[in-house]
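Novice: Pasting a structure here, questions to come.
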Amino acid sequence: MRKIHPDAKAALAGLLRDDMTIMSGGFGISGIPSLLIEAIRESGVKGLTVVSNNAGIDDAGLGLLLHTRQIRKMISSYVGENATFAKQYLAGELEIEFNPQGTLAERIRAGGAGIPAFFTKTGYGTAVAEGKETREFDGEHYVMERGLFADLAIVHAYKGDHEGNLVYRKTARNFNPIMATAARVTVAQVEHLVKPGEIDPDHIHTPGIFVKRLVLCPPDFQKRIEQRTVRKREAAAAAGVESQA
């Protein structure tokens with residue numbers, strides 16, 4: 001089966017529908033499948049439940065789908081950089097299911113591994129545990145969390161081959177690998193496409209069996225950052241002097 005598609009729209013053709021659940025990789029806007037998100041926006045599908053570590057920012061990432069009001073519910077762990085998200089949530093226009101970040105990651109991993117539920121100490125005795133089953137093991141209290149599995153996962157990889165084997169780079173190796181395993185169909189956008197056999201098997205993060213479709217990022221593809229934070233030169237110089245003393 002040919003996995004390479006000419007663009008993001010073609011890669012998602014026949015997969016999108018209203019009220020579906022989508023997992024979207026990335027951390028902040030690092031490693032986000034921006035081309036695929038834009039194609040989802042252009043498709044006009046609505047009523048989406050989106051599983052993502054965050055909600056992007058106002059003009060990038062999932063913020064684009066919030067702006068067009070295509071998202072009905074977010075399952076996330078952090079949404080602090082998105083004013084549109086906060087506005088819609090406070091107005092009762094957007095549903096949110098907050099998770100501690102480690103719990104969210106494990107819920108996705110469990111879903112990909114076929115594990116329907118698991119117990120964790122995290123959140124016990126707090127609002128996180130409200131309405132959930134709790135249990136005691138060896139004198140410790142735990143709350144039950146359900147695994148997550150989506151209709152579609154969209155991920156961003158640094159490198160991929162024609163068989164769908166993927167390699168992620170640095171911070172992009174965040175939620176992308178586990179999400180790629182936890183959906184009925186996984187579509188990946190890749191920065192560099194190579195021939196089968198050119199990726200060392202020991203370096204593959206996501207085996208191609210999980211990936212159904214691929215799209216290559218165009219030569220002018222731009223990766224944005226949320227905030228650039230650096231030390232002032234004067235402060236760095238002063239710190240160096242103090243360390244030598």
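Quick note on naming: the chains in the structure tokens go A, B, ... in the order shown, residues restart at 1 in each chain, and ligands are numbered from 1 in order of appearance.
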What are the closest atom pairs, with distances in Å to one decimal, for each residue of range 128-212 of chain A lying within 8 Å of range 36-58 of chain A, using only C-alpha atoms, rows by chain and rising residue number, as a Markdown table?

Specialist:
```
| residue | atom | partner | partner_atom | distance |
| --- | --- | --- | --- | --- |
| A:Ile154 | CA | A:Leu36 | CA | 6.9 |
| A:Phe175 | CA | A:Asn53 | CA | 7.4 |
| A:Gln189 | CA | A:Leu36 | CA | 7.3 |
```

Novice: Hey, can you spit out that residue selection with all heavy atoms as a JSON list (two decimals), in the first residue's frame?

Specialist:
```
[["chain", "number", "residue", "atom", "x", "y", "z"],
["A", 154, "ILE", "N", -2.51, 12.43, 14.50],
["A", 154, "ILE", "CA", -1.67, 13.19, 13.58],
["A", 154, "ILE", "C", -0.38, 13.53, 14.31],
["A", 154, "ILE", "O", -0.40, 14.04, 15.44],
["A", 154, "ILE", "CB", -2.37, 14.45, 13.04],
["A", 154, "ILE", "CG1", -2.93, 15.31, 14.18],
["A", 154, "ILE", "CG2", -3.49, 14.06, 12.09],
["A", 154, "ILE", "CD1", -3.51, 16.65, 13.70],
["A", 175, "PHE", "N", 4.88, 13.74, 22.85],
["A", 175, "PHE", "CA", 3.67, 12.92, 22.79],
["A", 175, "PHE", "C", 3.51, 12.22, 21.44],
["A", 175, "PHE", "O", 2.66, 11.36, 21.28],
["A", 175, "PHE", "CB", 2.43, 13.78, 23.07],
["A", 175, "PHE", "CG", 2.24, 14.09, 24.53],
["A", 175, "PHE", "CD1", 2.93, 15.12, 25.13],
["A", 175, "PHE", "CD2", 1.38, 13.33, 25.31],
["A", 175, "PHE", "CE1", 2.77, 15.40, 26.48],
["A", 175, "PHE", "CE2", 1.20, 13.59, 26.66],
["A", 175, "PHE", "CZ", 1.90, 14.63, 27.25],
["A", 189, "GLN", "N", 3.38, 13.78, 9.29],
["A", 189, "GLN", "CA", 4.09, 14.69, 8.41],
["A", 189, "GLN", "C", 5.57, 14.59, 8.77],
["A", 189, "GLN", "O", 5.93, 14.52, 9.95],
["A", 189, "GLN", "CB", 3.58, 16.12, 8.55],
["A", 189, "GLN", "CG", 3.80, 16.75, 9.92],
["A", 189, "GLN", "CD", 3.37, 18.21, 9.97],
["A", 189, "GLN", "OE1", 2.22, 18.53, 9.66],
["A", 189, "GLN", "NE2", 4.29, 19.09, 10.35]]
```

Novice: I'd like to know which residues of range 52-221 of chain A are alpha helix (DSSP H) (by DSSP, run on the backbone); could you write them as a ChimeraX atom specification?

Specialist: /A:63-67,83-90,101-112,176-179

Novice: Ranking A:Gly111, A:Thr126, A:Ile204, A:Glu198 by minimum distance to Thr181 in chain A and counting only C-alpha atoms, which one comes first?

Specialist: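 Nearest candidate to Thr181 in chain A out of A:Gly111, A:Thr126, A:Ile204, A:Glu198: A:Gly111.
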
Novice: Residues of range 32-226 of chain A classed as strand (DSSP E or B) by DSSP on the backbone are to be reported as a VMD selection string.

Specialist: chain A and resid 48 to 51 57 60 71 to 76 95 to 98 117 to 120 134 to 137 140 to 146 150 to 161 166 to 167 183 to 194 206 213 to 216

Novice: Please measure the separation of CA of Gly164 in chain A and CA of Thr206 in chain A, giving the value in Å to one decimal.

Specialist: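 Between CA of Gly164 in chain A and CA of Thr206 in chain A the gap works out to 8.2 Å.
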
Novice: Do you know which residues are at most 12 Å from Leu35 in chain A counting only C-alpha atoms, after dropping those on the same chain fewer than 2 positions away, and could you put them as a PyMOL selection string?

Specialist: chain A and resi 7-12+24+31-33+37-42+60-62+64+154-156+187-191+214-218+221-223

Novice: With N, CA and C atoms kept, could you save the residues just selected as a compact mmCIF listing (two decimals), in the first residue's frame?

Specialist:
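Resulting contents of out28.txt:
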```txt
# COMPACT_ATOMS: atom_id res chain seq x y z
N ASP A 7 0.11 15.91 -0.46
CA ASP A 7 -0.06 17.03 0.47
C ASP A 7 -0.93 16.58 1.64
N ALA A 8 -1.07 17.47 2.61
CA ALA A 8 -1.80 17.12 3.83
C ALA A 8 -3.27 16.84 3.55
N LYS A 9 -3.87 17.58 2.63
CA LYS A 9 -5.28 17.35 2.30
C LYS A 9 -5.49 15.95 1.75
N ALA A 10 -4.59 15.52 0.88
CA ALA A 10 -4.69 14.18 0.30
C ALA A 10 -4.44 13.11 1.36
N ALA A 11 -3.52 13.39 2.28
CA ALA A 11 -3.19 12.42 3.32
C ALA A 11 -4.36 12.18 4.27
N LEU A 12 -5.24 13.16 4.40
CA LEU A 12 -6.39 13.04 5.31
C LEU A 12 -7.69 12.71 4.57
N SER A 24 -3.37 14.77 18.70
CA SER A 24 -2.47 15.68 18.00
C SER A 24 -1.18 15.82 18.80
N GLY A 31 7.10 20.32 17.67
CA GLY A 31 6.74 18.99 17.20
C GLY A 31 5.28 18.82 16.87
N ILE A 32 4.58 19.93 16.57
CA ILE A 32 3.16 19.81 16.23
C ILE A 32 3.00 19.49 14.74
N PRO A 33 1.98 18.74 14.37
CA PRO A 33 1.72 18.42 12.96
C PRO A 33 0.96 19.57 12.29
N ILE A 37 -2.92 19.92 10.82
CA ILE A 37 -3.90 20.74 11.54
C ILE A 37 -4.55 21.74 10.58
N GLU A 38 -3.73 22.36 9.73
CA GLU A 38 -4.27 23.32 8.76
C GLU A 38 -5.22 22.64 7.78
N ALA A 39 -4.90 21.41 7.40
CA ALA A 39 -5.78 20.67 6.48
C ALA A 39 -7.10 20.32 7.16
N ILE A 40 -7.06 20.01 8.45
CA ILE A 40 -8.29 19.75 9.20
C ILE A 40 -9.14 21.01 9.26
N ARG A 41 -8.49 22.14 9.48
CA ARG A 41 -9.23 23.42 9.49
C ARG A 41 -9.93 23.65 8.15
N GLU A 42 -9.19 23.42 7.07
CA GLU A 42 -9.76 23.67 5.74
C GLU A 42 -10.89 22.69 5.41
N ALA A 60 -1.53 29.59 16.01
CA ALA A 60 -0.75 28.45 15.52
C ALA A 60 -1.20 27.18 16.22
N GLY A 61 -0.94 26.05 15.57
CA GLY A 61 -1.31 24.77 16.16
C GLY A 61 -2.81 24.63 16.31
N LEU A 62 -3.23 24.00 17.39
CA LEU A 62 -4.66 23.77 17.60
C LEU A 62 -5.43 25.05 17.82
N LEU A 64 -5.70 27.29 15.80
CA LEU A 64 -6.41 27.54 14.54
C LEU A 64 -7.79 26.90 14.54
N ILE A 154 -2.51 12.43 14.50
CA ILE A 154 -1.67 13.19 13.58
C ILE A 154 -0.38 13.53 14.31
N VAL A 155 0.77 13.24 13.69
CA VAL A 155 2.06 13.41 14.35
C VAL A 155 3.05 14.08 13.41
N HIS A 156 4.12 14.62 14.01
CA HIS A 156 5.20 15.25 13.25
C HIS A 156 6.50 14.52 13.55
N VAL A 187 -1.54 9.38 10.79
CA VAL A 187 -1.00 10.10 9.64
C VAL A 187 0.16 10.97 10.14
N ALA A 188 1.30 10.89 9.46
CA ALA A 188 2.49 11.62 9.89
C ALA A 188 2.95 12.60 8.83
N GLN A 189 3.38 13.78 9.29
CA GLN A 189 4.09 14.69 8.41
C GLN A 189 5.57 14.59 8.77
N VAL A 190 6.44 14.51 7.78
CA VAL A 190 7.87 14.31 8.03
C VAL A 190 8.68 15.40 7.33
N GLU A 191 9.78 15.78 7.98
CA GLU A 191 10.64 16.81 7.40
C GLU A 191 11.56 16.24 6.33
N LEU A 214 1.62 9.20 4.97
CA LEU A 214 2.71 10.15 5.18
C LEU A 214 2.58 11.32 4.23
N VAL A 215 3.03 12.48 4.69
CA VAL A 215 3.14 13.63 3.80
C VAL A 215 4.47 14.30 4.11
N LEU A 216 5.18 14.70 3.07
CA LEU A 216 6.48 15.35 3.23
C LEU A 216 6.28 16.85 3.38
N CYS A 217 6.94 17.44 4.37
CA CYS A 217 6.87 18.89 4.56
C CYS A 217 7.55 19.59 3.38
N PRO A 218 7.01 20.70 2.89
CA PRO A 218 7.60 21.41 1.76
C PRO A 218 8.94 22.04 2.14
N PHE A 221 9.00 24.87 4.70
CA PHE A 221 8.30 24.60 5.96
C PHE A 221 9.00 25.30 7.12
N GLN A 222 8.23 26.02 7.92
CA GLN A 222 8.77 26.76 9.05
C GLN A 222 8.29 26.17 10.37
N LYS A 223 9.24 25.98 11.30
CA LYS A 223 8.90 25.52 12.65
C LYS A 223 8.99 26.72 13.60
```

Novice: Rounded to one decimal in Å, what is the spacing between CA of Gly114 in chain A and CA of Tyr142 in chain A?

Specialist: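 Going from CA of Gly114 in chain A over to CA of Tyr142 in chain A covers 20.7 Å.
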
Novice: One decimal, in Å: what's the spacing between CA of Asp151 in chain A and CA of Arg109 in chain A?

Specialist: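 One can read the CA of Asp151 in chain A to CA of Arg109 in chain A distance as 15.2 Å.
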
Novice: Using only C-alpha atoms, which of the listed residues (A:Lys212, A:Arg228, A:His162, A:His5) sits closest to Gly197 in chain A?

Specialist: A:His162

Novice: Leaving out Lys170 in chain A and any residue of its chain fewer than 6 positions from it, which residues lie within 12 Å of it when counting only C-alpha atoms, given as a PyMOL selection string?

Specialist: chain A and resi 26-27+30-31+156-158+176+205

Novice: Determine, counting only C-alpha atoms, which protein, DNA and RNA residues have an atom within 9 Å of an atom of Ala110 in chain A; residues of the same chain fewer than 3 positions away are not included. Present the result as a JSON list (two decimals) with N, CA and C atoms, in the first residue's frame.

Specialist:
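Final output, saved to part.json:
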```json
[["chain", "number", "residue", "atom", "x", "y", "z"],
["A", 105, "ALA", "N", -0.10, 11.21, 29.54],
["A", 105, "ALA", "CA", 0.82, 10.40, 28.75],
["A", 105, "ALA", "C", 0.56, 8.91, 28.95],
["A", 106, "GLU", "N", 0.30, 8.51, 30.20],
["A", 106, "GLU", "CA", 0.07, 7.10, 30.46],
["A", 106, "GLU", "C", -1.28, 6.64, 29.92],
["A", 107, "ARG", "N", -2.28, 7.52, 29.92],
["A", 107, "ARG", "CA", -3.57, 7.16, 29.35],
["A", 107, "ARG", "C", -3.43, 6.88, 27.85],
["A", 113, "ALA", "N", -1.48, 0.36, 23.96],
["A", 113, "ALA", "CA", -1.09, -1.00, 24.35],
["A", 113, "ALA", "C", -2.29, -1.90, 24.58],
["A", 114, "GLY", "N", -3.50, -1.38, 24.37],
["A", 114, "GLY", "CA", -4.70, -2.19, 24.56],
["A", 114, "GLY", "C", -5.09, -2.36, 26.01],
["A", 115, "ILE", "N", -4.63, -1.46, 26.87],
["A", 115, "ILE", "CA", -4.95, -1.51, 28.30],
["A", 115, "ILE", "C", -6.12, -0.56, 28.56],
["A", 116, "PRO", "N", -7.27, -1.05, 28.97],
["A", 116, "PRO", "CA", -8.46, -0.20, 29.10],
["A", 116, "PRO", "C", -8.42, 0.76, 30.27],
["A", 117, "ALA", "N", -7.69, 0.41, 31.34],
["A", 117, "ALA", "CA", -7.65, 1.27, 32.52],
["A", 117, "ALA", "C", -6.46, 0.89, 33.39],
["A", 118, "PHE", "N", -6.08, 1.81, 34.27],
["A", 118, "PHE", "CA", -4.98, 1.56, 35.20],
["A", 118, "PHE", "C", -5.20, 2.41, 36.45],
["A", 146, "ARG", "N", -8.85, 5.85, 32.69],
["A", 146, "ARG", "CA", -9.12, 5.07, 31.49],
["A", 146, "ARG", "C", -8.06, 5.33, 30.42],
["A", 147, "GLY", "N", -7.72, 4.29, 29.66],
["A", 147, "GLY", "CA", -6.84, 4.47, 28.52],
["A", 147, "GLY", "C", -7.55, 5.29, 27.44],
["A", 148, "LEU", "N", -6.76, 5.93, 26.58],
["A", 148, "LEU", "CA", -7.32, 6.76, 25.51],
["A", 148, "LEU", "C", -6.98, 6.15, 24.15],
["A", 149, "PHE", "N", -7.96, 6.13, 23.27],
["A", 149, "PHE", "CA", -7.76, 5.61, 21.92],
["A", 149, "PHE", "C", -8.59, 6.47, 20.98],
["A", 182, "ALA", "N", -1.85, 4.93, 19.27],
["A", 182, "ALA", "CA", -3.13, 4.93, 20.00],
["A", 182, "ALA", "C", -4.30, 5.45, 19.17]]
```

Novice: For Ile22 in chain A, which residue out of A:Lys73, A:Leu152, A:Ile96, A:Ala172 is the nearest one, using only C-alpha atoms?

Specialist: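 Among the listed residues, A:Leu152 lies closest to Ile22 in chain A.
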
Novice: Excluding Pro207 in chain A and its own-chain neighbours fewer than 5 positions away, which residues fall within 12 Å of it when counting only C-alpha atoms? Please give them as a list in words.

Specialist: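 Here the answer would be Gly160, Asp161, His162, Glu163, Gly164, Asn165, Leu166, Val167, Tyr168, Pro177, Ile178, Ala180, Thr181, Thr186, Pro196, Ile199, Asp200, Pro201, Asp202 and Lys212 of chain A.
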
Novice: Pull N, CA, C and O atoms from the residues just selected and write them as an mmCIF file, in the first residue's frame.

Specialist:
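Saved as result-v7.cif:
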```cif
data_model
loop_
_atom_site.group_PDB
_atom_site.id
_atom_site.type_symbol
_atom_site.label_atom_id
_atom_site.label_comp_id
_atom_site.auth_asym_id
_atom_site.auth_seq_id
_atom_site.Cartn_x
_atom_site.Cartn_y
_atom_site.Cartn_z
ATOM 1 N N GLY A 160 11.343 10.086 8.045
ATOM 2 C CA GLY A 160 10.522 8.901 7.822
ATOM 3 C C GLY A 160 10.926 8.234 6.527
ATOM 4 O O GLY A 160 11.530 8.866 5.651
ATOM 5 N N ASP A 161 10.621 6.942 6.402
ATOM 6 C CA ASP A 161 10.877 6.269 5.128
ATOM 7 C C ASP A 161 9.556 5.883 4.481
ATOM 8 O O ASP A 161 8.480 6.100 5.041
ATOM 9 N N HIS A 162 9.633 5.310 3.292
ATOM 10 C CA HIS A 162 8.426 5.012 2.522
ATOM 11 C C HIS A 162 7.542 3.960 3.186
ATOM 12 O O HIS A 162 6.375 3.816 2.815
ATOM 13 N N GLU A 163 8.082 3.227 4.140
ATOM 14 C CA GLU A 163 7.293 2.219 4.848
ATOM 15 C C GLU A 163 6.635 2.775 6.105
ATOM 16 O O GLU A 163 5.937 2.049 6.811
ATOM 17 N N GLY A 164 6.888 4.054 6.403
ATOM 18 C CA GLY A 164 6.250 4.679 7.553
ATOM 19 C C GLY A 164 7.042 4.638 8.837
ATOM 20 O O GLY A 164 6.551 5.084 9.879
ATOM 21 N N ASN A 165 8.261 4.107 8.814
ATOM 22 C CA ASN A 165 9.112 4.143 10.008
ATOM 23 C C ASN A 165 9.495 5.588 10.308
ATOM 24 O O ASN A 165 9.884 6.327 9.394
ATOM 25 N N LEU A 166 9.400 5.992 11.567
ATOM 26 C CA LEU A 166 9.597 7.392 11.929
ATOM 27 C C LEU A 166 10.711 7.582 12.954
ATOM 28 O O LEU A 166 10.916 6.746 13.829
ATOM 29 N N VAL A 167 11.368 8.733 12.839
ATOM 30 C CA VAL A 167 12.369 9.173 13.813
ATOM 31 C C VAL A 167 12.007 10.596 14.229
ATOM 32 O O VAL A 167 11.757 11.457 13.370
ATOM 33 N N TYR A 168 11.940 10.843 15.529
ATOM 34 C CA TYR A 168 11.632 12.170 16.039
ATOM 35 C C TYR A 168 12.925 12.824 16.535
ATOM 36 O O TYR A 168 13.875 12.146 16.921
ATOM 37 N N PRO A 177 5.362 9.882 19.721
ATOM 38 C CA PRO A 177 5.528 8.421 19.621
ATOM 39 C C PRO A 177 4.375 7.619 20.213
ATOM 40 O O PRO A 177 3.949 6.620 19.623
ATOM 41 N N ILE A 178 3.878 8.041 21.373
ATOM 42 C CA ILE A 178 2.805 7.258 21.989
ATOM 43 C C ILE A 178 1.475 7.466 21.272
ATOM 44 O O ILE A 178 0.675 6.545 21.142
ATOM 45 N N ALA A 180 1.112 7.914 18.133
ATOM 46 C CA ALA A 180 1.157 7.163 16.876
ATOM 47 C C ALA A 180 0.652 5.738 17.033
ATOM 48 O O ALA A 180 0.227 5.110 16.059
ATOM 49 N N THR A 181 0.658 5.224 18.264
ATOM 50 C CA THR A 181 0.207 3.850 18.520
ATOM 51 C C THR A 181 -1.242 3.781 18.976
ATOM 52 O O THR A 181 -1.803 2.686 19.066
ATOM 53 N N THR A 186 -3.082 6.447 11.831
ATOM 54 C CA THR A 186 -2.078 7.458 12.145
ATOM 55 C C THR A 186 -1.536 8.045 10.849
ATOM 56 O O THR A 186 -1.141 7.325 9.939
ATOM 57 N N PRO A 196 13.455 3.064 2.098
ATOM 58 C CA PRO A 196 13.474 1.969 3.081
ATOM 59 C C PRO A 196 14.892 1.432 3.255
ATOM 60 O O PRO A 196 15.629 1.256 2.277
ATOM 61 N N ILE A 199 17.195 4.109 7.355
ATOM 62 C CA ILE A 199 17.145 4.420 8.785
ATOM 63 C C ILE A 199 17.625 3.199 9.553
ATOM 64 O O ILE A 199 17.106 2.093 9.362
ATOM 65 N N ASP A 200 18.624 3.376 10.397
ATOM 66 C CA ASP A 200 19.118 2.287 11.232
ATOM 67 C C ASP A 200 17.952 1.752 12.070
ATOM 68 O O ASP A 200 17.285 2.525 12.767
ATOM 69 N N PRO A 201 17.657 0.473 12.017
ATOM 70 C CA PRO A 201 16.536 -0.082 12.799
ATOM 71 C C PRO A 201 16.597 0.273 14.279
ATOM 72 O O PRO A 201 15.547 0.441 14.917
ATOM 73 N N ASP A 202 17.805 0.398 14.823
ATOM 74 C CA ASP A 202 17.934 0.745 16.235
ATOM 75 C C ASP A 202 17.548 2.193 16.516
ATOM 76 O O ASP A 202 17.393 2.583 17.680
ATOM 77 N N LYS A 212 -0.165 4.772 8.681
ATOM 78 C CA LYS A 212 -0.888 4.426 7.455
ATOM 79 C C LYS A 212 -0.604 5.397 6.314
ATOM 80 O O LYS A 212 -0.616 5.019 5.153
#
```
